[in-house]
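Engineer: Okay, handing you the structure first.
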Amino acid sequence: MELPKIYSAKDYEDQIYELWEASGFFNPDNLPKSKKAFSIAMPPPNATGTLHIGHAMMLVLQDLMIRYHRMKGEQTLWLPGTDHASIATQNKVEKILEKEGQTRHSLGREAFLERINAYVEESRGIIRGQIRKLGSSCDWSRERYTLDEGLSRAVSEMFVRMHQDKLLYRDYRIVNWCPRCTSTLADDEVKHREEAGKLYFIKYPIRGTNASITVATTRPETMLGDAAVAVHPDDIRYKEFVGQVAVLPLENREIPVIADSHVEKDFGSGALKVTPAHDLNDFNLGKKYHLKTLKIFDDSGKVDLSELQKAGVDISPIASYQGMDRFAAREVIVKDLEKTGALEKIEELTHSVGICYRCDTVIEPYISLQWFVSVDTKIKRHNASLKELMLETVESGKTEIIPKRFEKTYFNWITNLRDWCVSRQIWFGHQLPVYYCEKGSGGCGETIVSVTPPAACSKCSNTALRRDQDTLDTWFSSGLWTFSTLGWPKTATEKGGKIKKTGDLLRFHPTSVLETGYDIIFFWVARMILMSRYALGEAPFKQVYLHGLVLDLNRKKMSKSHEETLIDPLDVIPKYGTDALRLSMLVGVTPGNDLLLNEEKIASYRNFVNKLWNVSRFILALPDEETSKKKTKTLADAWILSRLNRTIAEVAVLLESSRFSHAAEELRAFTWDDLADWYLEIAKIEGGKKWILLEILEKLVTLWHPFAPFVTEVLYQQIHPLSEIKGEKKHSPKLLMVHEWPTAENKGVVKTAERDFHTIRSLVQAIRNARAENAIAASQKIQAVFFSRDKAQLLTQNSHLLQSLCRLDFITVMESGERPTNALFLKVEDIEVYLPLGMLKIEEERARLGAEIERIRIFMKIITTRLDDIQFTQKAPAHIVQKERAKLAEHEEHIRKLEKQQKILR
RNA sequence: GGGCAGUUAGCUCAGCUGGUUAGAGCAUGCGGUUUACAUCCGCAGGGUCAGAGGUUCGAAUCCUCUACUGCCCACCA
């Protein structure tokens, strides 16, 4: 049972995980019964491939919470799964197809979906393995996938219910169109990027005059679809043109000049070209002034004049642009305008451009018929709109966001929220449960929304129904995640307006915590609150714990595009161990703040894990001793037990308040500073401590387990058989992961022991310091004389420690008497220490004492001025004043001793 | 344009409701094989807490302003 000198994580981890998984304790059904439940719905990783460092971050934090609560004896569920991630996954597979010279269209919808499913199946397998690698103790028996049968059913059900409640509607609106994905995007799926662009000034002649209005635009190509020129009503430059007709250059089409206060006089030329089909503002103007909405691009962003033609426009002057990409068209059109003299000038400007969050393509605003979720419609059942429900959930504290400042961000976003476009022109995902009875094919024009495909139209009995080809926004299904995974809608029945939950939904919903990155608060957190409040009337989670981004050395988000600084969890795990990686992501991290990660940091926690390993190794290798020969406790024993109890109590407080990093720091300080550096050294001196050390060790590995599960479980397996030798027949489970969480003993913290030990410790440190400063070789033993009236007994009782830890060969403890005349002088608390060094240089020592006196005088001065201030003595609380007085007295005493020592030196 | 954070030792960060001479880890320097660990041990150096003003007996901590950095949101073409 000899343990190796160095802990080699990779030799144990896989085996330990198997042990855990086989135990069945990941599943709450196998845990001891308890009234208290704790649950987390794991944010499902995208089914697009592999886990990155961001996933590691969430897994590590969640596993910490889960393990802690499980050890506290709660019914603990961590439900894992994967998200089909419609656009992201479809894009990924399309890229693979591209390499094979194929497109989704060349394959056809069905073959394409088969291809994606095969890909997803493979990547889900990889992801499962990777989640295990991090030690995640999630319940695999409850694993879900957003596109599996139950969840798909939940999605359709939700869609139908929302439609019944008139929260879903279909309309022509300006949407964010990604010409590369050939799909719409929700508002929050559009990123904005500052770009250097150009502002083109184009002259639009006024019919029947020699005058013209100059409009300014960044997108001159959209002029093909212009429907008006707009100016501000108060703009004296253009007042005379309002109501007249302008002639569109190149096309020679006539459009009205209108006045609207929306136009800003000071921007550009003060005149605006209005393109209702390709800009939201222009669309609104178009509605207001009944302008034509002329769409000029097809779904891949190429010029398409067919709609103009349908609208009766003579397209012959502009026919050459047909089929051009929008950016190519821009260049050609600018050139043509230049040729005809319509281009007045070009100005440089930086402006923000909307881009697709999945593929970085510039978004084309575009009129389109889509499905929307209304966020402002009052829902009868709730007597509130979705927006109001979302606000109320956080305002009322039904859901608490950690850190709190993100609540403001949340409120701000919700307040400005507009209707949510949920239909996507993507093949992969949940197809809309919508069926059209089309007039063109003999139907009545009815739209049927139904969970199961209807056989015939409910109105006209037409059987030739067409299902909507669109799929749903991926966030629609992930919005249901906390409850669709718990069996909804089957596990919730509604009676008389009240919802009755059963099964897992009753046990685990609302979930306890949602742990995720702050970058996903709008996409996901808000949508989950929306869905859960709507469907169940309750919050999806009681707490949201937000972590930050993982950044590299250059403070950039760690990603594949920065290969040099990338840390792949799967690369570092074999090298440093999962526990080291986990600790490096847990310690020194505050909620909501980004984390700077590099290999050095991981290496330092690898060192710590090894320290813990060696502490255990030392303890386990101590010779066995009989219980009956338990010695009476020494000061050091009382101190370390007191520190242990204090640590247990503090860690509990910190974990309960989600200050995980602080908890780990406390534990680290106890483990390394107190236990390893002091107590173990003392154990070597005092001996006979196996019994007490084993008790400490068992609690220690228990406390560390949620942070570093692997090494602690390995160590626990080593302690366990030994703990039985001591003859106590305590029922103890075989796995640390379900070991009872330690609680602080009532009388565990002994202040006198801590204070006395602190005195000894300070003495040792002062003497060590003196030795180092006077270059006394470590091997050289010296003498020491201690004078103390109050602590003489303490010093005598612990002289063995002083002797050994300071390398002293002879100790004298006196209450009073003649002070040595040729000795180095130190003062610790009220203890005088004299180190008679044969070769003491008297003048140098006298100078050192003088410098010391000066140093203390400075502090005294500060205190005296403070105490001389009547304001202070009158207004400050008595105990503070008292403290200052005591301090002053101590300084005075110290100086007296130093001066005395100066005199007697010879 | 609006909002939110941050600015503390060379680096990364703690510092809860204001109260000793502001802390930790890493890095640095010096000294160490003391039968757990050199992935280690001992000791040390290093900070006008971004700047200015205010509140207070007392401010890294509370308030105001300024500067710089980062992030989020936004339909100025």
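How things are named: the first chain in the structure tokens is A, the next is B, and so on; residues count from 1 in each chain; ligands count from 1 in the order shown.
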Which chain B residues are at most 6 Å from chain A (counting only C-alpha atoms (C1' of nucleotides)), as a CSV table (one decimal) with N, CA, C and O atoms (P, O5', C5', C4', C3', O3' and C1' of nucleotides), in the first residue's frame?
Structural biologist:
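Okay, out_31.csv is ready:
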chain,number,residue,atom,x,y,z
B,36,A,P,9.5,12.3,6.3
B,36,A,O5',8.6,12.3,5.0
B,36,A,C5',8.0,11.2,4.5
B,36,A,C4',7.2,11.6,3.3
B,36,A,C3',7.8,12.6,2.4
B,36,A,O3',8.6,12.0,1.4
B,36,A,C1',5.7,13.4,3.1
B,37,C,P,9.8,12.7,0.8
B,37,C,O5',9.2,13.8,-0.2
B,37,C,C5',8.5,13.4,-1.4
B,37,C,C4',7.7,14.5,-1.9
B,37,C,C3',8.5,15.7,-2.3
B,37,C,O3',9.0,15.6,-3.6
B,37,C,C1',6.7,16.4,-1.0
B,39,U,P,10.4,19.6,-8.8
B,39,U,O5',9.0,20.1,-8.2
B,39,U,C5',8.5,21.5,-8.5
B,39,U,C4',7.1,21.5,-7.9
B,39,U,C3',7.1,20.9,-6.6
B,39,U,O3',6.7,21.7,-5.5
B,39,U,C1',5.6,19.7,-8.1
B,43,C,P,9.6,31.6,7.7
B,43,C,O5',10.7,32.6,7.2
B,43,C,C5',11.7,33.1,8.1
B,43,C,C4',12.7,33.9,7.4
B,43,C,C3',12.2,35.1,6.7
B,43,C,O3',11.9,36.2,7.5
B,43,C,C1',13.7,34.1,5.3
B,57,C,P,-17.0,64.0,12.5
B,57,C,O5',-15.5,63.5,12.7
B,57,C,C5',-14.6,64.4,13.3
B,57,C,C4',-13.3,63.7,13.7
B,57,C,C3',-12.8,62.7,12.6
B,57,C,O3',-11.9,63.5,11.7
B,57,C,C1',-12.9,61.5,14.6
B,75,C,P,-31.8,48.5,-32.6
B,75,C,O5',-31.5,49.6,-33.6
B,75,C,C5',-30.9,49.3,-34.9
B,75,C,C4',-31.4,50.4,-35.9
B,75,C,C3',-31.3,51.8,-35.4
B,75,C,O3',-30.1,52.3,-35.7
B,75,C,C1',-33.5,51.4,-36.2
B,77,A,P,-26.1,54.8,-39.2
B,77,A,O5',-26.1,54.4,-40.8
B,77,A,C5',-26.5,55.4,-41.7
B,77,A,C4',-27.8,55.1,-42.1
B,77,A,C3',-27.9,54.8,-43.7
B,77,A,O3',-28.7,53.7,-43.9
B,77,A,C1',-29.2,56.7,-43.1
Engineer: Using DSSP on the backbone coordinates, identify all residues within range 153-401 of chain A classified as alpha helix (DSSP H); present the result as a PyMOL selection string.
Structural biologist: chain A and resi 153-164+280-289+306-310+326-340+386-395
Engineer: Can you pull out the residues contacting C16 in chain B? Cut-off 12 Å, using only C-alpha atoms (C1' of nucleotides), and skip same-chain residues under 2 positions away; I want them as a ChimeraX atom specification.
Structural biologist: /A:653-654,657,659,662 /B:14,18,61
Engineer: Looking at only C-alpha atoms (C1' of nucleotides), which of A:Glu650, A:Asp187, A:Glu599, A:Glu815 is the one that sits closest to C73 in chain B?
Structural biologist: A:Asp187
Engineer: What is the distance, in Å and to one decimal place, between CA of Lys841 in chain A and CA of Ser762 in chain A?
Structural biologist: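 Taking CA of Lys841 in chain A as the start and CA of Ser762 in chain A as the end point, the length is 25.1 Å.
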Engineer: Could you go through range 736-855 of chain A and tell me which residues DSSP, when run on the backbone, assigns to strand (DSSP E or B), listing them as JSON, numbers by chain?
Structural biologist: {"A": [782, 783, 784, 785, 786, 787, 808, 809, 810, 811, 812, 813, 814, 824, 825, 826, 827, 828, 831, 832, 833, 834, 835]}
Engineer: Residues near Thr796 in chain A, anyone? I mean within 10 Å using only C-alpha atoms (C1' of nucleotides), not counting same-chain ones fewer than 6 positions away, as a PyMOL selection string.
Structural biologist: chain A and resi 786+802+811-814
Engineer: Using only C-alpha atoms (C1' of nucleotides), which residues sit within 10 Å of U7 in chain B once same-chain residues fewer than 5 positions away are excluded, as a list in words?
Structural biologist: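 Selected residues are C49, A50, C68 and U69 of chain B.
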Engineer: B:U12, B:U66, B:U34, B:U21: which is nearest G51 in chain B, counting only C-alpha atoms (C1' of nucleotides)?
Structural biologist: B:U66
Engineer: Measure the distance from CA of Ala85 in chain A to CA of Pro489 in chain A in Å and round it to one decimal.
Structural biologist: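 According to the coordinates, CA of Ala85 in chain A and CA of Pro489 in chain A are separated by 22.0 Å.
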Engineer: Can you tell me how far CA of Ile346 in chain A sits from CA of Val334 in chain A, in Å to one decimal?
Structural biologist: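 Going from CA of Ile346 in chain A over to CA of Val334 in chain A, I get 9.9 Å.
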Engineer: I'd like the contact shell of Val434 in chain A - 9 Å cut-off, only C-alpha atoms (C1' of nucleotides), skipping same-chain residues fewer than 4 positions apart - returned as number ranges by chain.
Structural biologist: A: 160, 447-451, 453, 466-469
Engineer: If you count only C-alpha atoms (C1' of nucleotides), which residues fall within 10 Å of Lys633 in chain A, apart from same-chain ones fewer than 5 positions away, as a short mmCIF file (atom, residue, chain, number, x, y, z; two decimals) with N, CA and C atoms, in the first residue's frame?
Structural biologist:
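File result.cif, as written:
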data_model
loop_
_atom_site.label_atom_id
_atom_site.label_comp_id
_atom_site.auth_asym_id
_atom_site.auth_seq_id
_atom_site.Cartn_x
_atom_site.Cartn_y
_atom_site.Cartn_z
N ALA A 638 -4.52 20.94 20.21
CA ALA A 638 -5.71 21.75 20.45
C ALA A 638 -5.83 22.83 19.38
N TRP A 639 -4.68 23.39 19.02
CA TRP A 639 -4.68 24.45 18.00
C TRP A 639 -5.15 23.93 16.65
N LYS A 689 0.84 10.81 16.73
CA LYS A 689 -0.30 11.60 16.29
C LYS A 689 -1.10 10.94 15.18
N ILE A 692 -5.01 11.32 15.62
CA ILE A 692 -5.57 12.64 15.41
C ILE A 692 -5.41 13.09 13.96
#
Engineer: Pick from B:C30, B:C76, B:U64, B:G70: nearest to C4 in chain B, with only C-alpha atoms (C1' of nucleotides) counted?
Structural biologist: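 Comparing B:C30, B:C76, B:U64, B:G70 against C4 in chain B, the winner is B:G70.
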